[in-house]
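Below: structure-v8.txt (compact mmCIF, C-alpha atoms)
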# COMPACT_ATOMS: atom_id res chain seq x y z
CA MET A 1 -15.59 4.47 20.73
CA ASP A 2 -15.94 8.15 19.75
CA LYS A 3 -16.67 8.63 16.05
CA ILE A 4 -13.67 10.80 15.21
CA PHE A 5 -13.61 10.45 11.41
CA ASN A 6 -16.28 13.10 10.72
CA ASN A 7 -14.09 16.01 11.79
CA THR A 8 -13.41 17.69 8.44
CA GLU A 9 -11.56 20.65 9.96
CA ILE A 10 -8.80 18.26 11.09
CA ALA A 11 -9.10 16.05 7.98
CA PHE A 12 -8.47 18.90 5.53
CA SER A 13 -6.37 21.17 7.75
CA LEU A 14 -3.46 21.12 5.26
CA LYS A 15 -5.58 21.78 2.18
CA SER A 16 -5.92 25.34 0.89
CA ASP A 17 -9.28 26.43 -0.51
CA THR A 18 -7.89 25.91 -4.02
CA GLU A 19 -6.68 22.38 -3.22
CA LEU A 20 -10.05 21.55 -1.69
CA GLU A 21 -11.80 22.73 -4.87
CA ARG A 22 -9.42 20.63 -6.97
CA ALA A 23 -10.15 17.56 -4.84
CA SER A 24 -13.88 18.16 -5.28
CA PHE A 25 -13.46 18.45 -9.06
CA LEU A 26 -11.33 15.27 -9.26
CA PHE A 27 -13.66 13.09 -7.20
CA LYS A 28 -16.68 14.30 -9.19
CA LEU A 29 -14.87 13.13 -12.34
CA ILE A 30 -13.86 9.83 -10.76
CA ALA A 31 -17.48 9.24 -9.66
CA SER A 32 -18.42 8.79 -13.33
CA GLN A 33 -17.37 5.39 -14.73
CA PRO A 34 -17.79 6.47 -18.39
CA LEU A 35 -15.62 9.54 -17.77
CA VAL A 36 -12.91 7.43 -16.10
CA LYS A 37 -12.87 5.03 -19.09
CA ILE A 38 -12.76 7.88 -21.63
CA GLY A 39 -10.14 9.78 -19.60
CA THR A 40 -7.97 6.67 -19.29
CA ALA A 41 -8.11 5.98 -23.04
CA VAL A 42 -7.39 9.61 -23.97
CA THR A 43 -4.51 9.87 -21.47
CA ASN A 44 -2.90 6.64 -22.69
CA PHE A 45 -3.19 7.80 -26.30
CA ALA A 46 -1.75 11.23 -25.52
CA LEU A 47 1.24 9.75 -23.67
CA LYS A 48 1.96 7.19 -26.41
CA ALA A 49 1.68 9.92 -29.05
CA HIS A 50 4.07 12.08 -26.98
CA LEU A 51 1.55 14.93 -26.81
CA PRO A 52 2.44 17.66 -24.28
CA VAL A 53 -0.04 16.58 -21.57
CA GLU A 54 2.33 15.86 -18.67
CA GLY A 55 1.96 19.40 -17.29
CA LEU A 56 -1.82 19.05 -17.21
CA ILE A 57 -1.62 15.62 -15.55
CA ARG A 58 0.93 16.94 -13.05
CA SER A 59 -1.24 19.87 -11.97
CA THR A 60 -4.41 17.80 -11.50
CA VAL A 61 -4.54 14.08 -10.74
CA PHE A 62 -0.77 13.59 -10.21
CA ASP A 63 -0.35 16.28 -7.57
CA HIS A 64 -3.43 15.01 -5.71
CA PHE A 65 -2.40 11.33 -5.52
CA CYS A 66 1.43 11.51 -5.77
CA GLY A 67 4.21 12.99 -3.66
CA GLY A 68 6.38 14.12 -6.58
CA ILE A 69 8.51 12.99 -9.51
CA ASN A 70 11.49 12.02 -7.32
CA GLU A 71 12.27 11.43 -3.66
CA ASN A 72 13.48 15.00 -3.02
CA ASP A 73 10.35 16.34 -4.64
CA CYS A 74 8.31 14.47 -1.99
CA LEU A 75 9.93 16.18 1.00
CA ARG A 76 7.62 19.21 0.92
CA VAL A 77 4.60 16.88 1.28
CA VAL A 78 6.39 14.68 3.85
CA ASP A 79 7.35 17.61 6.08
CA ASN A 80 3.95 19.26 5.70
CA MET A 81 2.02 16.15 6.77
CA PHE A 82 4.36 15.47 9.66
CA THR A 83 3.41 18.83 11.20
CA LYS A 84 0.06 17.10 11.83
CA GLY A 85 1.65 13.85 13.05
CA VAL A 86 1.07 11.92 9.81
CA SER A 87 4.12 9.95 8.65
CA SER A 88 4.99 8.99 5.07
CA VAL A 89 5.96 5.88 3.11
CA LEU A 90 7.83 6.79 -0.10
CA ASP A 91 6.55 4.41 -2.77
CA TYR A 92 8.44 4.34 -6.07
CA SER A 93 5.40 3.52 -8.21
CA VAL A 94 6.98 2.65 -11.54
CA GLU A 95 5.40 -0.59 -12.81
CA GLY A 96 5.56 -3.15 -15.59
CA LYS A 97 9.32 -3.37 -16.18
CA GLU A 98 10.94 -6.52 -17.59
CA GLU A 99 14.70 -6.04 -17.82
CA ASP A 100 17.55 -6.55 -15.36
CA ALA A 101 18.73 -2.95 -15.69
CA GLN A 102 15.25 -1.75 -14.73
CA PHE A 103 15.09 -4.13 -11.76
CA ASP A 104 18.51 -2.94 -10.61
CA ALA A 105 17.30 0.66 -10.91
CA ALA A 106 14.26 -0.19 -8.74
CA LEU A 107 16.59 -1.78 -6.17
CA ALA A 108 18.81 1.30 -6.19
CA MET A 109 15.75 3.51 -5.61
CA THR A 110 14.59 1.24 -2.76
CA LEU A 111 18.02 1.49 -1.11
CA LYS A 112 17.88 5.26 -1.52
CA THR A 113 14.45 5.46 0.14
CA ILE A 114 15.74 3.29 3.02
CA GLU A 115 18.57 5.80 3.47
CA PHE A 116 16.02 8.63 3.29
CA ALA A 117 13.91 6.93 5.96
CA LYS A 118 16.93 6.42 8.20
CA GLU A 119 17.56 10.16 8.21
CA ARG A 120 13.96 11.29 8.78
CA GLU A 121 11.61 10.55 11.66
CA ALA A 122 8.73 11.44 9.33
CA ILE A 123 9.46 8.38 7.13
CA PRO A 124 9.32 5.23 9.32
CA PHE A 125 8.95 2.75 6.43
CA ALA A 126 10.42 1.98 3.04
CA VAL A 127 8.56 -0.19 0.51
CA PHE A 128 8.96 -2.14 -2.72
CA LYS A 129 6.92 -4.43 -4.95
CA PRO A 130 8.19 -7.95 -5.78
CA THR A 131 7.62 -7.38 -9.51
CA GLY A 132 9.87 -4.33 -9.21
CA PHE A 133 12.73 -6.77 -8.57
CA GLY A 134 12.00 -9.55 -11.08
CA ARG A 135 9.94 -10.81 -14.01
CA THR A 136 6.37 -12.00 -13.55
CA ASP A 137 6.98 -15.25 -15.47
CA LEU A 138 9.76 -16.20 -13.03
CA TYR A 139 7.53 -15.73 -9.99
CA ILE A 140 4.88 -17.90 -11.66
CA LYS A 141 7.30 -20.72 -12.54
CA VAL A 142 8.91 -20.75 -9.11
CA GLY A 143 5.50 -20.65 -7.43
CA GLU A 144 4.34 -23.62 -9.52
CA LYS A 145 7.60 -25.43 -8.65
CA ALA A 146 8.38 -25.80 -12.34
CA THR A 147 11.95 -26.63 -13.40
CA LEU A 148 13.89 -23.51 -14.34
CA THR A 149 16.38 -23.43 -17.18
CA PRO A 150 19.97 -22.57 -16.13
CA ALA A 151 19.46 -19.03 -17.44
CA GLU A 152 16.18 -18.67 -15.52
CA GLN A 153 17.84 -19.99 -12.36
CA GLU A 154 20.52 -17.32 -12.69
CA ASP A 155 17.80 -14.67 -13.16
CA TRP A 156 15.94 -15.98 -10.11
CA ASN A 157 19.11 -15.94 -8.01
CA ARG A 158 19.45 -12.25 -8.90
CA VAL A 159 15.83 -11.61 -7.82
CA VAL A 160 16.49 -13.24 -4.43
CA ALA A 161 19.75 -11.28 -4.09
CA ARG A 162 17.85 -8.00 -4.68
CA PHE A 163 15.38 -8.89 -1.94
CA ASP A 164 18.22 -9.82 0.38
CA LEU A 165 20.16 -6.61 -0.18
CA ALA A 166 17.06 -4.47 0.42
CA CYS A 167 16.13 -6.37 3.60
CA LYS A 168 19.72 -6.49 4.90
CA THR A 169 20.07 -2.72 4.37
CA ALA A 170 16.77 -2.08 6.16
CA PHE A 171 17.93 -4.28 9.04
CA GLU A 172 21.29 -2.49 9.29
CA LYS A 173 19.66 0.96 9.16
CA ASP A 174 16.82 -0.10 11.50
CA VAL A 175 14.18 0.98 8.96
CA LEU A 176 10.92 -0.96 8.66
CA LEU A 177 10.42 -2.41 5.17
CA LEU A 178 7.04 -3.13 3.61
CA ILE A 179 6.88 -5.61 0.71
CA ASP A 180 3.70 -5.23 -1.32
CA ALA A 181 1.51 -8.08 -2.57
CA GLU A 182 1.02 -9.36 -6.12
CA GLU A 183 -1.60 -11.44 -7.93
CA SER A 184 -2.14 -14.90 -6.42
CA TRP A 185 -0.39 -16.72 -9.28
CA MET A 186 2.92 -15.10 -8.39
CA GLN A 187 2.41 -14.56 -4.64
CA ASP A 188 3.58 -18.03 -3.50
CA ALA A 189 7.09 -17.41 -4.80
CA ALA A 190 7.19 -13.93 -3.24
CA ASP A 191 5.89 -15.32 0.09
CA ALA A 192 8.67 -17.90 0.18
CA ILE A 193 11.37 -15.24 -0.25
CA VAL A 194 9.81 -12.87 2.28
CA THR A 195 9.48 -15.66 4.87
CA ASN A 196 13.17 -16.36 4.39
CA MET A 197 13.93 -12.65 4.88
CA MET A 198 11.88 -12.62 8.11
CA GLN A 199 13.83 -15.66 9.35
CA LYS A 200 17.10 -13.80 8.70
CA TYR A 201 16.29 -10.23 9.72
CA ASN A 202 13.33 -10.36 12.14
CA LYS A 203 15.17 -12.08 14.99
CA GLU A 204 14.70 -9.22 17.48
CA LYS A 205 11.63 -7.44 16.10
CA ALA A 206 9.66 -7.13 12.87
CA ILE A 207 11.76 -5.26 10.31
CA VAL A 208 10.55 -7.02 7.15
CA PHE A 209 6.78 -6.88 6.51
CA ASN A 210 4.90 -9.03 4.01
CA THR A 211 1.41 -8.10 2.75
CA LEU A 212 -1.80 -10.10 3.13
CA GLN A 213 -4.59 -9.37 0.66
CA LEU A 214 -7.61 -10.37 2.71
CA TYR A 215 -10.09 -10.64 -0.12
CA ARG A 216 -8.29 -14.00 -0.44
CA TRP A 217 -10.06 -16.53 1.78
CA ASP A 218 -6.86 -18.53 2.43
CA ARG A 219 -4.71 -15.74 3.91
CA LEU A 220 -5.65 -16.06 7.59
CA ASP A 221 -4.79 -19.77 7.49
CA TYR A 222 -1.50 -18.84 5.80
CA LEU A 223 -0.76 -16.38 8.64
CA LYS A 224 -1.55 -19.01 11.30
CA GLU A 225 0.91 -21.46 9.71
CA LEU A 226 3.56 -18.74 9.51
CA HIS A 227 2.91 -17.94 13.17
CA LYS A 228 3.63 -21.57 14.12
CA LYS A 229 6.87 -21.39 12.18
CA ALA A 230 7.87 -18.06 13.73
CA THR A 231 7.17 -19.34 17.25
CA ALA A 232 9.15 -22.53 16.67
CA GLU A 233 12.13 -20.77 15.05
CA GLY A 234 12.13 -17.57 17.09
CA PHE A 235 11.49 -14.81 14.56
CA TYR A 236 8.94 -11.98 14.41
CA ILE A 237 6.19 -11.39 11.85
CA GLY A 238 5.45 -8.05 10.22
CA MET A 239 2.29 -7.85 8.11
CA LYS A 240 0.60 -5.15 6.12
CA LEU A 241 -3.10 -5.98 5.97
CA VAL A 242 -5.12 -4.82 2.95
CA ARG A 243 -8.33 -5.96 1.35
CA GLY A 244 -6.89 -6.41 -2.17
CA ALA A 245 -6.31 -4.79 -5.54
CA TYR A 246 -6.77 -7.35 -8.32
CA LEU A 247 -10.31 -8.68 -7.81
CA GLU A 248 -11.49 -8.76 -11.44
CA LYS A 249 -8.21 -10.22 -12.74
CA GLU A 250 -8.26 -12.92 -10.04
CA ASN A 251 -11.83 -14.01 -10.80
CA GLU A 252 -11.25 -13.97 -14.57
CA LYS A 253 -8.07 -16.07 -14.27
CA ALA A 254 -9.81 -18.63 -12.03
CA ALA A 255 -12.73 -18.87 -14.51
CA GLU A 256 -10.29 -19.37 -17.42
CA LYS A 257 -8.57 -22.21 -15.58
CA GLY A 258 -11.83 -23.72 -14.34
CA VAL A 259 -10.71 -23.60 -10.69
CA LYS A 260 -12.19 -22.09 -7.54
CA SER A 261 -11.45 -18.38 -7.24
CA PRO A 262 -9.05 -17.45 -4.43
CA ILE A 263 -11.28 -14.44 -3.73
CA CYS A 264 -14.00 -14.29 -1.07
CA VAL A 265 -17.46 -14.65 -2.61
CA THR A 266 -18.83 -11.40 -1.17
CA LYS A 267 -17.57 -8.03 0.06
CA GLU A 268 -19.02 -8.91 3.48
CA ALA A 269 -16.91 -12.10 3.60
CA THR A 270 -13.82 -10.01 2.81
CA ASP A 271 -14.65 -7.59 5.63
CA ILE A 272 -15.12 -10.48 8.07
CA ASN A 273 -11.80 -11.99 6.95
CA TYR A 274 -9.99 -8.65 7.34
CA ASP A 275 -11.33 -8.02 10.83
CA ALA A 276 -10.66 -11.63 11.94
CA THR A 277 -7.03 -11.26 10.83
CA VAL A 278 -6.64 -7.98 12.72
CA LEU A 279 -8.03 -9.70 15.84
CA TYR A 280 -5.66 -12.66 15.43
CA MET A 281 -2.66 -10.36 15.13
CA ILE A 282 -3.70 -8.26 18.14
CA GLU A 283 -4.09 -11.46 20.18
CA ASN A 284 -0.53 -12.41 19.19
CA LEU A 285 1.11 -9.00 19.33
CA ASP A 286 4.02 -10.43 21.30
CA ARG A 287 5.20 -12.01 18.01
CA MET A 288 3.67 -9.67 15.42
CA SER A 289 3.56 -6.10 14.11
CA ILE A 290 0.62 -4.71 12.13
CA PHE A 291 0.42 -2.16 9.33
CA ALA A 292 -3.37 -1.84 8.90
CA GLY A 293 -3.68 -0.54 5.35
CA THR A 294 -7.36 0.33 5.13
CA HIS A 295 -9.72 3.07 4.00
CA ASN A 296 -12.55 1.34 5.85
CA GLU A 297 -13.80 3.35 8.83
CA GLU A 298 -15.38 0.37 10.61
CA SER A 299 -12.18 -1.71 10.45
CA SER A 300 -10.24 1.27 11.77
CA TYR A 301 -12.65 1.75 14.68
CA MET A 302 -12.48 -1.97 15.42
CA LEU A 303 -8.68 -1.91 15.71
CA MET A 304 -8.86 1.20 17.91
CA GLU A 305 -11.36 -0.57 20.20
CA LEU A 306 -9.20 -3.71 20.41
CA MET A 307 -6.22 -1.59 21.42
CA GLN A 308 -8.29 0.19 24.07
CA GLN A 309 -9.74 -3.06 25.46
CA ARG A 310 -6.29 -4.63 25.80
CA GLY A 311 -4.59 -1.56 27.24
CA ILE A 312 -2.32 -1.17 24.19
CA ALA A 313 -0.91 2.35 23.92
CA LYS A 314 -2.16 4.38 20.95
CA ASN A 315 1.43 4.98 19.86
CA ASP A 316 2.62 1.36 20.31
CA LYS A 317 5.32 0.97 17.65
CA ARG A 318 3.96 -2.43 16.63
CA ILE A 319 0.74 -0.93 15.24
CA PHE A 320 0.44 1.50 12.34
CA PHE A 321 -2.60 2.59 10.38
CA GLY A 322 -2.02 3.38 6.69
CA GLN A 323 -3.86 5.09 3.84
CA LEU A 324 -2.97 6.37 0.39
CA LEU A 325 -2.12 10.01 -0.32
CA GLY A 326 -5.16 11.86 -1.63
CA MET A 327 -7.67 9.49 -0.06
CA SER A 328 -9.35 9.08 3.35
CA ASP A 329 -7.73 12.14 4.92
CA ASN A 330 -10.60 12.02 7.42
CA ILE A 331 -9.16 8.73 8.74
CA SER A 332 -5.44 9.58 8.54
CA PHE A 333 -5.42 13.04 10.07
CA ASN A 334 -8.01 12.33 12.77
CA LEU A 335 -6.10 9.20 13.84
CA ALA A 336 -2.89 11.22 14.09
CA ALA A 337 -4.65 14.02 15.98
CA ASN A 338 -5.78 11.40 18.50
CA GLY A 339 -2.29 10.01 19.05
CA TYR A 340 -2.23 6.91 16.83
CA ASN A 341 0.63 5.92 14.50
CA VAL A 342 -0.45 6.60 10.94
CA ALA A 343 1.41 6.74 7.63
CA LYS A 344 0.37 7.82 4.16
CA TYR A 345 1.71 6.01 1.08
CA LEU A 346 3.34 8.66 -1.14
CA PRO A 347 3.69 7.28 -4.67
CA PHE A 348 6.38 9.02 -6.68
CA GLY A 349 8.16 8.74 -10.04
CA PRO A 350 8.16 10.33 -13.50
CA VAL A 351 4.62 11.32 -14.53
CA ARG A 352 4.63 9.02 -17.55
CA ASP A 353 5.84 6.00 -15.55
CA VAL A 354 3.39 6.51 -12.69
CA MET A 355 0.31 6.64 -14.96
CA PRO A 356 -0.56 2.90 -14.55
CA TYR A 357 -0.73 3.50 -10.79
CA LEU A 358 -2.90 6.63 -11.20
CA ILE A 359 -5.26 4.86 -13.58
CA ARG A 360 -5.65 2.02 -11.07
CA ARG A 361 -6.45 4.55 -8.31
CA ALA A 362 -9.14 6.17 -10.47
CA GLU A 363 -10.66 2.80 -11.41
CA GLU A 364 -10.57 1.63 -7.79
CA ASN A 365 -12.34 4.77 -6.57
CA THR A 366 -14.96 4.28 -9.25
CA SER A 367 -15.59 0.62 -8.43
CA VAL A 368 -15.34 0.59 -4.60
CA ALA A 369 -18.88 1.20 -3.35
CA GLY A 370 -19.17 4.41 -1.35
CA GLN A 371 -15.49 5.47 -1.56
CA THR A 372 -15.93 8.43 -3.90
CA SER A 373 -19.30 9.53 -2.51
CA ARG A 374 -17.79 9.54 1.00
CA GLU A 375 -14.88 11.72 -0.18
CA LEU A 376 -17.29 14.14 -1.88
CA THR A 377 -19.60 14.30 1.16
CA LEU A 378 -16.68 15.17 3.43
CA ILE A 379 -15.28 17.75 1.00
CA LYS A 380 -18.73 19.35 0.68
CA LYS A 381 -19.06 19.49 4.49
CA GLU A 382 -15.66 21.19 4.79
CA LYS A 383 -16.48 23.67 2.01
CA GLU A 384 -19.66 24.58 3.88
CA ARG A 385 -17.70 24.95 7.11
CA ARG A 386 -15.29 27.32 5.35
CA LYS A 387 -18.22 29.01 3.60
CA LEU A 388 -16.63 28.45 0.19
Structure re-expressed in structure tokens:
Amino acid sequence: MDKIFNNTEIAFSLKSDTELERASFLFKLIASQPLVKIGTAVTNFALKAHLPVEGLIRSTVFDHFCGGINENDCLRVVDNMFTKGVSSVLDYSVEGKEEDAQFDAALAMTLKTIEFAKEREAIPFAVFKPTGFGRTDLYIKVGEKATLTPAEQEDWNRVVARFDLACKTAFEKDVLLLIDAEESWMQDAADAIVTNMMQKYNKEKAIVFNTLQLYRWDRLDYLKELHKKATAEGFYIGMKLVRGAYLEKENEKAAEKGVKSPICVTKEATDINYDATVLYMIENLDRMSIFAGTHNEESSYMLMELMQQRGIAKNDKRIFFGQLLGMSDNISFNLAANGYNVAKYLPFGPVRDVMPYLIRRAEENTSVAGQTSRELTLIKKEKERRKL
């Protein structure tokens, strides 16, 4: 397999010299854990104190990692990337809401992005997060099979109805719908709803996609059981495969409860689990569709090799590669240049509301071994190529 991810001319073809310099500056900041902690604290304080910092955030970290403040704002980025064959997933990244009106607003935004996707070839997927549609405590209680009060049951019925309306709309518009993962203590309840949605709307092909966080050692077994069910009942499985986003919280929670952590013991075990799941899905592609959400070059090469070995077309609609905006452009744009299906997640929303997402991105880049140094090495190589 040719090593295509080192081509920085293709990777940064859409970035001006100024944008490349900004990316270099940002990743140098992110490389320093103390600076990320200080920056996070200062930013949170400034936003809570209503200091006029949104313009500064918008022109630096926000514009690098986000598509815009609303869906129309994202279209410039969407159209620009699609000139290079890279599709977009509009991700309304407002988090931590707790009231019905806010959940209904998230549903309305999801329906709007489905409509957006229907009208634009450049946006093949819509997406939402389960906690965007309902309270965390409800997911936990339902997952633990605890008895709900009548009021809680009514609230839960509304959560399920939001899922159903989003999935039904995606089905009717023929738009693929990704449903993101949550922490393990609320994932069981979300899985149950999404399985039900697949049973209803994935009768002819995968429209509804769940997400497997493969730093969890139990997820491949979960997929195999779901596969048995899908084969017996005649529905298709869509899965977004990621490594995972809540490692520290998961391990802390397990330690508090005195139970075995759901997380693989080592990074190597996670990598093995991820690649084994990709292989299982490729071997069962007649019943499955894959959205390989990864910034890992080796996992990407492995999937490319599997496709080549099995004579699967690079642009087979059942296989997409996915990365986040502002990260791993060397993977995204080189995959697209070589004919593969690839989509970037474009988070969007008001600057203030998207800050939890941006802080998580900064912390993740700081903690994931090699991520930031790889970005900086590639940016440096491209700057030298351009003689900046």
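Pairwise distance (atom CA of A:Asp174, atom CA of A:Gly349) equals 24.8 Å.
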Inset, instruction - Identify which of the residues A:Arg120, A:Lys314, A:Arg361, A:Arg385 lies closest to A:Gly339, counting only C-alpha atoms when measuring atom-to-atom distances. - result: A:Lys314
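Separating atom CA of A:Thr110 from atom CA of A:Leu212 is a distance of 20.8 Å.
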Set the distance at 12 Å and use only C-alpha atoms: which residues neighbour A:Ser299 once local chain neighbours fewer than 2 positions away are removed? I'd like the list as a short mmCIF file (atom, residue, chain, number, x, y, z; two decimals) with C-alpha atoms, keeping the file's coordinate frame.
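result-v5.cif, freshly written:
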data_model
loop_
_atom_site.label_atom_id
_atom_site.label_comp_id
_atom_site.auth_asym_id
_atom_site.auth_seq_id
_atom_site.Cartn_x
_atom_site.Cartn_y
_atom_site.Cartn_z
CA LEU A 241 -3.10 -5.98 5.97
CA VAL A 242 -5.12 -4.82 2.95
CA ARG A 243 -8.33 -5.96 1.35
CA THR A 270 -13.82 -10.01 2.81
CA ASP A 271 -14.65 -7.59 5.63
CA ILE A 272 -15.12 -10.48 8.07
CA ASN A 273 -11.80 -11.99 6.95
CA TYR A 274 -9.99 -8.65 7.34
CA ASP A 275 -11.33 -8.02 10.83
CA ALA A 276 -10.66 -11.63 11.94
CA THR A 277 -7.03 -11.26 10.83
CA VAL A 278 -6.64 -7.98 12.72
CA LEU A 279 -8.03 -9.70 15.84
CA ALA A 292 -3.37 -1.84 8.90
CA GLY A 293 -3.68 -0.54 5.35
CA THR A 294 -7.36 0.33 5.13
CA HIS A 295 -9.72 3.07 4.00
CA ASN A 296 -12.55 1.34 5.85
CA GLU A 297 -13.80 3.35 8.83
CA TYR A 301 -12.65 1.75 14.68
CA MET A 302 -12.48 -1.97 15.42
CA LEU A 303 -8.68 -1.91 15.71
CA MET A 304 -8.86 1.20 17.91
CA GLU A 305 -11.36 -0.57 20.20
CA LEU A 306 -9.20 -3.71 20.41
CA PHE A 321 -2.60 2.59 10.38
CA GLY A 322 -2.02 3.38 6.69
CA ILE A 331 -9.16 8.73 8.74
#
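Proximity of A:Gly55, A:Gly39, A:Gly244, A:Gly85 to A:Asn315, computed with all atoms listed in the file, is greatest for A:Gly85.
Nearest to A:Gln309 of all the residues A:Ala23, A:Met1, A:Ala230, A:Val342 is A:Met1, counting all atoms listed in the file.
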Legend entry - Test item: residues at most 10 Å from A:Trp156, only C-alpha atoms, excluding those fewer than 2 positions along its chain, as a VMD selection string: chain A and resid 133 to 135 138 to 139 142 148 150 to 154 158 to 162
Inset, instruction - Calculate how many Å separate atom CA of A:Ala313 from atom CA of A:Phe333, rounding to one decimal. - result: 18.1 Å
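Proximity to A:Ala189 was assessed for A:Ile30, A:Leu165, A:Lys141, A:Lys224 counting only C-alpha atoms; the smallest distance is recorded for A:Lys141.
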Inset, instruction - May I ask which of the residues A:Lys200, A:Lys228, A:His64, A:His50 is the closest one to A:Leu324, counting all atoms listed in the file? - result: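 Closest residue, counting all atoms listed in the file: A:His64.
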